[in-house]
Amino acid sequence: EDQVTQSPEALRLQEGESSSLNCSYTVSGLRGLFWYRQDPGKGPEFLFTLYSAGEEKEKERLKATLTKKESFLHITAPKPEDSATYLCAVTGGGNKLTFGTGTQLKVEL
Amino acid sequence: SQTIHQWPATLVQPVGSPLSLECTVEGTSNPNLYWYRQAAGRGLQLLFYSVGIGQISSEVPQNLSASRPQDRQFILSSKKLLLSDSGFYLCAWSVRGDQPQHFGDGTRLSIL
């Protein structure tokens, strides 16, 4: 059974204070790892897909990296508008994704 | 471009009443469709998914059912709601199973 564990559960940063979120996964034959951003009361918004170890993707202040056991979402010089819950999900094929419970990020002025 | 519509945004229902939540996708054909429930502080629980019209896979035994009467329409139903059915319900679509899923804005369901 696929499993995803995200840490920390919650993270509070000052504006400009860079940090990383972790997503550890167990899956039989990774076919894709996905990062999402979810704002309160909204559906998750797709950010990145990573397919193989060593792959990296960037978007504005966010950069996602992947190893054989985990993925990191690096946030560089965050702003208050980056505050959200960040979700990680994996698929080993088939028609389903397995989601972690997310990291709730709060960026303060 | 593709869009997904989910309604209503908020719903308050009495225990024992029926339920029908609807989701439609525009701008794509034969998508995979998904229903999730998200409890506060918890991850997304997959309830049902469909790879085609009339094809429904159930992930969790429960008081709910799903139907796909048209290619881009996915409906979540219940004949009699329980208090435990309260939660945030999300519909999603993808091109195929190993591709990113794209979510609607969800329905907040409260059972009284």
# chains A, B, ... in the order shown; residues from 1 in each chain; ligands from 1

$ interface_residues --of "chain B" --to "chain A" --cutoff "9 Å" --atoms "only C-alpha atoms" --output "PyMOL selection string"
chain B and resi 32+34+41-46+49-51+88+90-92+96-108

$ residues_around --residues "region 63-68 of chain A" --least-positions-apart "6" --cutoff "7 Å" --atoms "only C-alpha atoms" --output "ChimeraX atom specification"
/A:50,52-57,74-75

$ select_by_dssp --residues "chain B" --states "strand (DSSP E)" --output "MDAnalysis selection string"
chainID B and resid 3:7 10:13 19:26 32:38 44:52 55:58 65:70 73:78 87:94 102:103 107:111

$ residues_around --residues "region 10-14 of chain A" --least-positions-apart "5" --cutoff "10 Å" --atoms "only C-alpha atoms" --output "number ranges by chain"
A: 19-21, 77-80, 83, 85-86, 102-109

$ closest_residue --among "A:Pro40, A:Glu15, A:Leu62, A:Thr26" --to "Ala40 (chain B)" --atoms "only C-alpha atoms"
A:Pro40

$ residues_around --residues "Ser17 (chain B)" --least-positions-apart "2" --cutoff "10 Å" --atoms "only C-alpha atoms" --output "list of chain:residue names"
B:Gln13, B:Pro14, B:Val15, B:Leu19, B:Ser78, B:Lys79, B:Lys80, B:Leu81, B:Leu82, B:Ile111

$ residues_around --residues "Cys23 (chain B)" --least-positions-apart "2" --cutoff "10 Å" --atoms "only C-alpha atoms" --output "list of chain:residue names"
B:Ile4, B:His5, B:Gln6, B:Trp7, B:Pro8, B:Leu21, B:Val25, B:Leu33, B:Tyr34, B:Trp35, B:Arg68, B:Arg72, B:Gln73, B:Phe74, B:Ile75, B:Leu76, B:Leu90, B:Cys91, B:Ala92, B:Trp93, B:Gly104, B:Gly106

$ closest_residue --among "A:Ser28, A:Ser71, A:Glu60, A:Asp39" --to "Glu1 (chain A)" --atoms "only C-alpha atoms"
A:Ser28

$ atom_distance --atom1 "CA of Gly54 (chain B)" --atom2 "CA of Thr28 (chain B)"
17.7 Å

$ atom_distance --atom1 "CA of Arg37 (chain A)" --atom2 "CA of Ser86 (chain B)"
23.0 Å
